[in-house]
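A short worksheet on the structure shown next.
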Amino acid sequence: MAGGTSPVIDGDVLGDLDLFGEGFVADPFPVFAGLQESAPVHHDAATGLWLISRYEDVERILLDPAGFRPDNAQHAVTRLPIPALRVLARAGFSLPPALANNGGPSHTGLRRLVTRFFSAARVSAAVPLIEETARELLTGAERELDARGRYDLAADYARLLPCRVMMRMLGIEGVAPDTLVEWSDAALELFYGRPATERQIALAGLVGEFHQWLTAQVTDGAGQHGLIGALRGHRLPDGTPLDIPTAVAACFFVFIAGQSTTGQLIATVLRTGCADPSTWARATDDVFARNWVDEVLRREPPVTTWRRVAARDTELSGVRIPAGAELLLLLMGTGSDPSVFAEPERLCPHRENVRRHLSFGAGRHRCPGALLARTEAATALRAAATALPGVGLLDDDPDMLGLLSFRAPRRVRVARRQPGPGTEAALGQAAGGRHSAFSRP
């Protein structure tokens, strides 16, 4: 095939592809299937990115950091206007290579440092904290159901739980959880969304506040025994102390990944779980809850895509890619690759290869907080199913967050199921049919 070109594709499926469009955000699976079958390496003219959809190709890229560099992982998808850039400049904002966007020699040491805070021992020790936080957040659910007839598991529960846990685990003080969530959400929208100019300027203000707060934490000596203190004492490969901008950049990434994306995962886990009454009833079991989380990670992960830059001319699925090409790895699409996962449209919590998904990445840039995210999501599901056994999904409009690399329901509104013929089936249908179909062991 000619270099720099992609196959002809079915216009009905992919011809009007808009990665930010409502149709794609609501149901991207037909697009993934069309790409994998007809155009596994497809150049998207709207974004300038090469879409890589097959599991085999994405895994190869993730495991070859020298051939496919992470330099563009945190670049703004939508060009920032000059007024927004001025806002960021006044705040001293910068994101030098630290973790997700670092392909240099300093990455290994920084990753090792961060990974210590999310070790298996620390995650295991944090389970009581996660359970306690979940119970605290759910205490108002019954009152809300009595007073208003509904409760939002996303806004009032999933959004806050991982932030509170992360703050305790990493020794973060001096900021309200709501504020940290707002800052993190603003950063994701600014760098991975397609907001209008005025919105970009407002978001830049919030991101600038976030960056200034992080800089003050690193500079002023706060959190001596937490992540910030560890970064302050870190040495680079040549023995020099870690500079403040890089320490801030590491915190910027960890704080967002440690709570915003985990909150998105929990929201999707809860929505898919309470869409089917029998699934919700079984979610009180820890083993079932953990398996359900991994199936959701396979099918509908919060981090849907990630970016890489081709370091040299290469070939993927018969298509030649030029050096410097920017690639968009469709992580979410790989979880529905039929060559790897049988009946990928079904949520099968006892699937034999349930852990084979690439939703946390692979290789040297695999998410260091994967175990914590899994544990928090399973605990959140189990706690909610235990505390609210008689609820079901209220409606089928989740108001999806649809950024280039992040997708999750903004709301998961539930109501008490009323006893009577057909009620459970109706509530399950309200959740969306594709979520409620799952295979029993």
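Note on naming: chains are A, B, ... as they come in the structure tokens, residues start from 1 per chain, ligands start from 1 in the order shown.
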- Message: Run DSSP on the backbone and tell me which residues of region 293-440 of chain A come out as strand (DSSP E); list them as an NGL selection string.
- Response: :A and (306-310 or 314-316 or 319-321 or 326-329 or 391-393 or 400-402 or 407-409 or 413-416)
Export, as a PDB file, in the first residue's frame, the selected residues with N, CA and C atoms.
ATOM      1  N   TRP A 306      -5.035   6.773  23.679  1.00  0.00           N
ATOM      2  CA  TRP A 306      -3.788   7.412  24.126  1.00  0.00           C
ATOM      3  C   TRP A 306      -2.962   7.710  22.894  1.00  0.00           C
ATOM      4  N   ARG A 307      -2.047   8.649  23.011  1.00  0.00           N
ATOM      5  CA  ARG A 307      -1.306   9.090  21.825  1.00  0.00           C
ATOM      6  C   ARG A 307       0.167   8.711  21.887  1.00  0.00           C
ATOM      7  N   ARG A 308       0.723   8.533  20.698  1.00  0.00           N
ATOM      8  CA  ARG A 308       2.145   8.263  20.518  1.00  0.00           C
ATOM      9  C   ARG A 308       2.611   8.950  19.232  1.00  0.00           C
ATOM     10  N   VAL A 309       3.927   9.107  19.108  1.00  0.00           N
ATOM     11  CA  VAL A 309       4.547   9.660  17.904  1.00  0.00           C
ATOM     12  C   VAL A 309       5.470   8.597  17.310  1.00  0.00           C
ATOM     13  N   ALA A 310       5.333   8.332  16.021  1.00  0.00           N
ATOM     14  CA  ALA A 310       6.223   7.374  15.365  1.00  0.00           C
ATOM     15  C   ALA A 310       7.623   7.976  15.273  1.00  0.00           C
ATOM     16  N   THR A 314       7.583   3.345   9.644  1.00  0.00           N
ATOM     17  CA  THR A 314       7.227   1.994  10.076  1.00  0.00           C
ATOM     18  C   THR A 314       5.999   1.525   9.328  1.00  0.00           C
ATOM     19  N   GLU A 315       5.590   0.295   9.585  1.00  0.00           N
ATOM     20  CA  GLU A 315       4.405  -0.264   8.932  1.00  0.00           C
ATOM     21  C   GLU A 315       3.547  -0.961   9.971  1.00  0.00           C
ATOM     22  N   LEU A 316       2.242  -0.687   9.915  1.00  0.00           N
ATOM     23  CA  LEU A 316       1.267  -1.302  10.807  1.00  0.00           C
ATOM     24  C   LEU A 316       0.098  -1.820   9.975  1.00  0.00           C
ATOM     25  N   VAL A 319       0.026  -0.825   6.375  1.00  0.00           N
ATOM     26  CA  VAL A 319       0.012   0.598   6.039  1.00  0.00           C
ATOM     27  C   VAL A 319       1.310   1.233   6.516  1.00  0.00           C
ATOM     28  N   ARG A 320       1.984   1.941   5.618  1.00  0.00           N
ATOM     29  CA  ARG A 320       3.232   2.592   5.993  1.00  0.00           C
ATOM     30  C   ARG A 320       2.943   3.907   6.702  1.00  0.00           C
ATOM     31  N   ILE A 321       3.610   4.101   7.848  1.00  0.00           N
ATOM     32  CA  ILE A 321       3.442   5.288   8.679  1.00  0.00           C
ATOM     33  C   ILE A 321       4.740   6.084   8.628  1.00  0.00           C
ATOM     34  N   GLU A 326       1.556  11.316  14.192  1.00  0.00           N
ATOM     35  CA  GLU A 326       0.943  11.225  15.521  1.00  0.00           C
ATOM     36  C   GLU A 326      -0.157  10.167  15.489  1.00  0.00           C
ATOM     37  N   LEU A 327      -0.064   9.226  16.407  1.00  0.00           N
ATOM     38  CA  LEU A 327      -0.959   8.073  16.426  1.00  0.00           C
ATOM     39  C   LEU A 327      -1.934   8.176  17.590  1.00  0.00           C
ATOM     40  N   LEU A 328      -3.152   7.744  17.347  1.00  0.00           N
ATOM     41  CA  LEU A 328      -4.156   7.651  18.400  1.00  0.00           C
ATOM     42  C   LEU A 328      -4.478   6.175  18.600  1.00  0.00           C
ATOM     43  N   LEU A 329      -4.068   5.630  19.736  1.00  0.00           N
ATOM     44  CA  LEU A 329      -4.282   4.219  20.035  1.00  0.00           C
ATOM     45  C   LEU A 329      -5.673   4.059  20.631  1.00  0.00           C
ATOM     46  N   VAL A 391     -32.408  -0.541  44.363  1.00  0.00           N
ATOM     47  CA  VAL A 391     -32.456   0.519  43.355  1.00  0.00           C
ATOM     48  C   VAL A 391     -32.165  -0.027  41.961  1.00  0.00           C
ATOM     49  N   GLY A 392     -32.617   0.727  40.971  1.00  0.00           N
ATOM     50  CA  GLY A 392     -32.317   0.417  39.580  1.00  0.00           C
ATOM     51  C   GLY A 392     -32.076   1.704  38.824  1.00  0.00           C
ATOM     52  N   LEU A 393     -31.535   1.599  37.647  1.00  0.00           N
ATOM     53  CA  LEU A 393     -31.214   2.772  36.840  1.00  0.00           C
ATOM     54  C   LEU A 393     -32.489   3.505  36.447  1.00  0.00           C
ATOM     55  N   MET A 400     -23.010  11.711  28.624  1.00  0.00           N
ATOM     56  CA  MET A 400     -21.652  11.185  28.592  1.00  0.00           C
ATOM     57  C   MET A 400     -20.585  12.272  28.471  1.00  0.00           C
ATOM     58  N   LEU A 401     -19.533  12.120  29.253  1.00  0.00           N
ATOM     59  CA  LEU A 401     -18.314  12.890  29.051  1.00  0.00           C
ATOM     60  C   LEU A 401     -17.658  12.336  27.794  1.00  0.00           C
ATOM     61  N   GLY A 402     -17.388  13.189  26.818  1.00  0.00           N
ATOM     62  CA  GLY A 402     -16.838  12.720  25.551  1.00  0.00           C
ATOM     63  C   GLY A 402     -15.617  13.507  25.123  1.00  0.00           C
ATOM     64  N   ARG A 407     -13.987   8.934  28.504  1.00  0.00           N
ATOM     65  CA  ARG A 407     -15.423   8.748  28.275  1.00  0.00           C
ATOM     66  C   ARG A 407     -16.031   8.096  29.514  1.00  0.00           C
ATOM     67  N   ALA A 408     -17.123   8.660  30.004  1.00  0.00           N
ATOM     68  CA  ALA A 408     -17.810   8.108  31.176  1.00  0.00           C
ATOM     69  C   ALA A 408     -19.140   8.818  31.332  1.00  0.00           C
ATOM     70  N   PRO A 409     -20.087   8.190  32.023  1.00  0.00           N
ATOM     71  CA  PRO A 409     -21.358   8.871  32.281  1.00  0.00           C
ATOM     72  C   PRO A 409     -21.179   9.956  33.340  1.00  0.00           C
ATOM     73  N   ARG A 413     -28.253   8.134  37.636  1.00  0.00           N
ATOM     74  CA  ARG A 413     -29.391   8.364  38.523  1.00  0.00           C
ATOM     75  C   ARG A 413     -30.153   7.063  38.753  1.00  0.00           C
ATOM     76  N   VAL A 414     -30.372   6.760  40.015  1.00  0.00           N
ATOM     77  CA  VAL A 414     -31.083   5.535  40.382  1.00  0.00           C
ATOM     78  C   VAL A 414     -32.330   5.890  41.186  1.00  0.00           C
ATOM     79  N   ALA A 415     -33.281   4.965  41.175  1.00  0.00           N
ATOM     80  CA  ALA A 415     -34.502   5.090  41.961  1.00  0.00           C
ATOM     81  C   ALA A 415     -34.831   3.720  42.528  1.00  0.00           C
ATOM     82  N   ARG A 416     -35.675   3.702  43.555  1.00  0.00           N
ATOM     83  CA  ARG A 416     -36.081   2.425  44.123  1.00  0.00           C
ATOM     84  C   ARG A 416     -36.960   1.678  43.123  1.00  0.00           C
TER      85      ARG A 416
END
Inset, instruction - Determine which residues of region 54-255 of chain A receive a DSSP assignment of helix (DSSP H, G or I), computed from the backbone, and state them as JSON, numbers by chain. - result: {"A": [55, 56, 57, 58, 59, 60, 61, 62, 82, 83, 84, 85, 86, 87, 88, 89, 90, 107, 108, 109, 110, 111, 112, 113, 114, 115, 116, 120, 121, 122, 123, 124, 125, 126, 127, 128, 129, 130, 131, 132, 133, 134, 135, 136, 137, 138, 141, 142, 143, 144, 145, 146, 147, 148, 154, 155, 156, 157, 158, 161, 162, 163, 164, 165, 166, 167, 168, 169, 170, 177, 178, 179, 180, 181, 182, 183, 184, 185, 186, 187, 188, 189, 190, 191, 192, 197, 198, 199, 200, 201, 202, 203, 204, 205, 206, 207, 208, 209, 210, 211, 212, 213, 214, 215, 216, 217, 218, 219, 220, 227, 228, 229, 230, 231, 232, 244, 245, 246, 247, 248, 249, 250, 251, 252, 253, 254, 255]}
Using only C-alpha atoms, which residues of region 59-158 of chain A come within 6 Å of region 198-210 of chain A, and what is the closest atom pair for each, with the distance in Å to one decimal? Give it as a tab-separated table, sorted by chain and residue number.
residue	atom	partner	partner_atom	distance
A:Ala84	CA	A:Ile201	CA	4.5
A:Leu88	CA	A:Gly208	CA	5.4
A:Ala91	CA	A:Gly208	CA	5.1
One residue among A:Asp337, A:Glu300, A:Asp285, A:Glu173 is nearest to Leu214 (chain A) when using only C-alpha atoms, and that residue is A:Glu173
ask   = Near Asn291 (chain A), counting only C-alpha atoms, which residues have an atom at most 8 Å away, once you skip same-chain residues fewer than 4 positions from it, shown as a ChimeraX atom specification?
value = /A:287,295,349-350,354
Next, write the just-selected residues to a file, as a PDB file, in the first residue's frame, keeping C-alpha atoms as the atom set.
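Contents of the output file again.pdb:
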ATOM      1  CA  VAL A 287     -15.094 -11.754  43.621  1.00  0.00           C
ATOM      2  CA  GLU A 295     -15.038  -6.585  32.155  1.00  0.00           C
ATOM      3  CA  PRO A 349     -17.522 -11.334  34.416  1.00  0.00           C
ATOM      4  CA  HIS A 350     -16.049 -14.837  34.349  1.00  0.00           C
ATOM      5  CA  VAL A 354     -10.633 -10.932  31.457  1.00  0.00           C
TER       6      VAL A 354
END
Hey, what's within 10 Å of Leu113 (chain A) if we count only C-alpha atoms and toss same-chain stuff fewer than 5 positions away? As a PyMOL selection string, please?
-> chain A and resi 107-108+118+227+230-231+234
I'd like to know which of A:Gly335, A:Pro105, A:Pro245, A:Pro96 is closest to Asp294 (chain A), using only C-alpha atoms.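 Going through A:Gly335, A:Pro105, A:Pro245, A:Pro96 one by one, the smallest distance to Asp294 (chain A) is for A:Gly335.
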From the list A:Pro368, A:Pro338, A:Pro83, A:Pro30, the nearest residue to Thr197 (chain A) using only C-alpha atoms is A:Pro83
Which neighbours of Thr219 (chain A) fall inside 10 Å, counting only C-alpha atoms, when residues of the same chain fewer than 5 positions from it are skipped, and could you give them as a VMD selection string?
chain A and resid 213 to 214 228 232 244 to 245 247 to 248
message = Can you tell me which residues surround Asp152 (chain A) at a distance of at most 9 Å, considering only C-alpha atoms, apart from same-chain residues fewer than 3 positions away, and format the answer as a PyMOL selection string?
response = chain A and resi 141+155-157+411-414
Please produce a file of the residues just selected, as a short mmCIF file (atom, residue, chain, number, x, y, z; two decimals), in the first residue's frame, where the atoms kept are all heavy atoms.
data_model
loop_
_atom_site.label_atom_id
_atom_site.label_comp_id
_atom_site.auth_asym_id
_atom_site.auth_seq_id
_atom_site.Cartn_x
_atom_site.Cartn_y
_atom_site.Cartn_z
N ALA A 141 -27.64 8.80 50.78
CA ALA A 141 -28.37 8.26 49.64
C ALA A 141 -29.83 7.94 49.99
O ALA A 141 -30.75 8.27 49.23
CB ALA A 141 -27.66 7.01 49.11
N ALA A 155 -22.43 11.74 40.40
CA ALA A 155 -22.08 13.06 40.92
C ALA A 155 -21.86 13.06 42.43
O ALA A 155 -20.96 13.75 42.93
CB ALA A 155 -23.18 14.06 40.56
N ASP A 156 -22.64 12.28 43.15
CA ASP A 156 -22.60 12.34 44.61
C ASP A 156 -21.74 11.26 45.26
O ASP A 156 -21.55 11.28 46.48
CB ASP A 156 -24.03 12.23 45.17
CG ASP A 156 -24.93 13.36 44.69
OD1 ASP A 156 -24.40 14.46 44.45
OD2 ASP A 156 -26.15 13.14 44.53
N TYR A 157 -21.22 10.35 44.45
CA TYR A 157 -20.49 9.21 45.02
C TYR A 157 -19.21 8.92 44.24
O TYR A 157 -18.10 9.09 44.76
CB TYR A 157 -21.43 8.00 45.03
CG TYR A 157 -20.86 6.71 45.56
CD1 TYR A 157 -20.29 6.64 46.81
CD2 TYR A 157 -20.95 5.53 44.80
CE1 TYR A 157 -19.79 5.44 47.32
CE2 TYR A 157 -20.47 4.33 45.29
CZ TYR A 157 -19.88 4.29 46.54
OH TYR A 157 -19.39 3.09 47.03
N ARG A 411 -23.70 11.21 34.88
CA ARG A 411 -24.70 10.93 35.91
C ARG A 411 -25.14 9.48 35.84
O ARG A 411 -25.19 8.87 34.76
CB ARG A 411 -25.90 11.87 35.80
CG ARG A 411 -26.70 11.75 34.51
CD ARG A 411 -27.92 12.66 34.58
NE ARG A 411 -28.69 12.61 33.34
CZ ARG A 411 -28.98 13.66 32.60
NH1 ARG A 411 -28.55 14.85 32.96
NH2 ARG A 411 -29.69 13.54 31.50
N VAL A 412 -25.43 8.93 36.99
CA VAL A 412 -25.97 7.57 37.12
C VAL A 412 -27.12 7.69 38.11
O VAL A 412 -26.96 7.42 39.31
CB VAL A 412 -24.90 6.57 37.60
CG1 VAL A 412 -25.52 5.17 37.71
CG2 VAL A 412 -23.70 6.55 36.67
N ARG A 413 -28.25 8.13 37.64
CA ARG A 413 -29.39 8.36 38.52
C ARG A 413 -30.15 7.06 38.75
O ARG A 413 -30.53 6.38 37.80
CB ARG A 413 -30.31 9.43 37.94
CG ARG A 413 -29.62 10.79 37.80
CD ARG A 413 -30.57 11.89 37.46
NE ARG A 413 -31.25 11.66 36.19
CZ ARG A 413 -32.05 12.55 35.60
NH1 ARG A 413 -32.27 13.72 36.19
NH2 ARG A 413 -32.63 12.28 34.46
N VAL A 414 -30.37 6.76 40.02
CA VAL A 414 -31.08 5.54 40.38
C VAL A 414 -32.33 5.89 41.19
O VAL A 414 -32.43 6.96 41.79
CB VAL A 414 -30.18 4.58 41.20
CG1 VAL A 414 -29.01 4.12 40.37
CG2 VAL A 414 -29.71 5.25 42.50
#
For Leu62 (chain A), the closest of A:Ala45, A:Leu331, A:Leu404, A:Ala98 counting only C-alpha atoms is A:Leu331
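Ranking A:Gly324, A:Pro40, A:Gly273, A:Gly258 by their shortest atom-to-atom distance to Leu347 (chain A), with only C-alpha atoms included, puts A:Gly273 first.
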Checklist line | Residues near Pro301 (chain A), cut-off 12 Å, only C-alpha atoms, skip fewer than 6 positions along chain, as a PyMOL selection string | finding: chain A and resi 261-269+272+293-295+330-336+357-361+370+373-374+377+405-409
Mind dumping the selected residues with C-alpha atoms as a short mmCIF file (atom, residue, chain, number, x, y, z; two decimals), in the first residue's frame?
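Output saved as result_9.cif:
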data_model
loop_
_atom_site.label_atom_id
_atom_site.label_comp_id
_atom_site.auth_asym_id
_atom_site.auth_seq_id
_atom_site.Cartn_x
_atom_site.Cartn_y
_atom_site.Cartn_z
CA THR A 261 -10.13 8.84 35.72
CA THR A 262 -10.82 6.48 38.63
CA GLY A 263 -14.04 8.35 39.33
CA GLN A 264 -14.98 7.91 35.68
CA LEU A 265 -14.31 4.18 35.93
CA ILE A 266 -16.46 3.89 39.05
CA ALA A 267 -19.32 5.75 37.36
CA THR A 268 -19.28 3.35 34.40
CA VAL A 269 -19.01 0.32 36.67
CA THR A 272 -23.48 -1.05 33.96
CA VAL A 293 -14.76 -4.18 37.04
CA ASP A 294 -12.31 -5.89 34.71
CA GLU A 295 -15.04 -6.59 32.16
CA LEU A 330 -7.92 3.15 20.40
CA LEU A 331 -7.56 1.38 23.75
CA MET A 332 -11.30 1.03 24.12
CA GLY A 333 -11.57 -0.49 20.66
CA THR A 334 -8.96 -3.16 21.41
CA GLY A 335 -11.20 -4.50 24.18
CA SER A 336 -13.79 -5.32 21.54
CA HIS A 357 -7.28 -5.86 28.06
CA LEU A 358 -4.98 -2.92 27.36
CA SER A 359 -7.02 -0.35 29.24
CA PHE A 360 -4.16 0.43 31.63
CA GLY A 361 -1.63 0.43 28.79
CA ALA A 370 -3.94 0.15 38.08
CA ALA A 373 -8.17 1.86 40.52
CA ARG A 374 -9.42 -1.73 40.27
CA ALA A 377 -13.98 0.49 41.69
CA SER A 405 -9.19 10.16 25.56
CA PHE A 406 -11.84 10.02 28.28
CA ARG A 407 -15.42 8.75 28.28
CA ALA A 408 -17.81 8.11 31.18
CA PRO A 409 -21.36 8.87 32.28
#
Can you measure CA of Glu59 (chain A) to CA of Ala323 (chain A) for me? One decimal in Å is fine.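 These atoms are spaced 18.9 Å apart.
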For a test of reading the model, state the distance in Å between CA of Ala76 (chain A) and CA of Gly193 (chain A), rounded to one decimal.
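According to the coordinates, CA of Ala76 (chain A) and CA of Gly193 (chain A) are separated by 8.2 Å.
Between CA of Ala39 (chain A) and CA of Ser53 (chain A) lies a distance of 8.4 Å.
For the set A:Leu99, A:Thr304, A:Glu144, A:Arg60, the residue with the smallest atom-to-atom gap to Pro28 (chain A) is A:Thr304, counting only C-alpha atoms.
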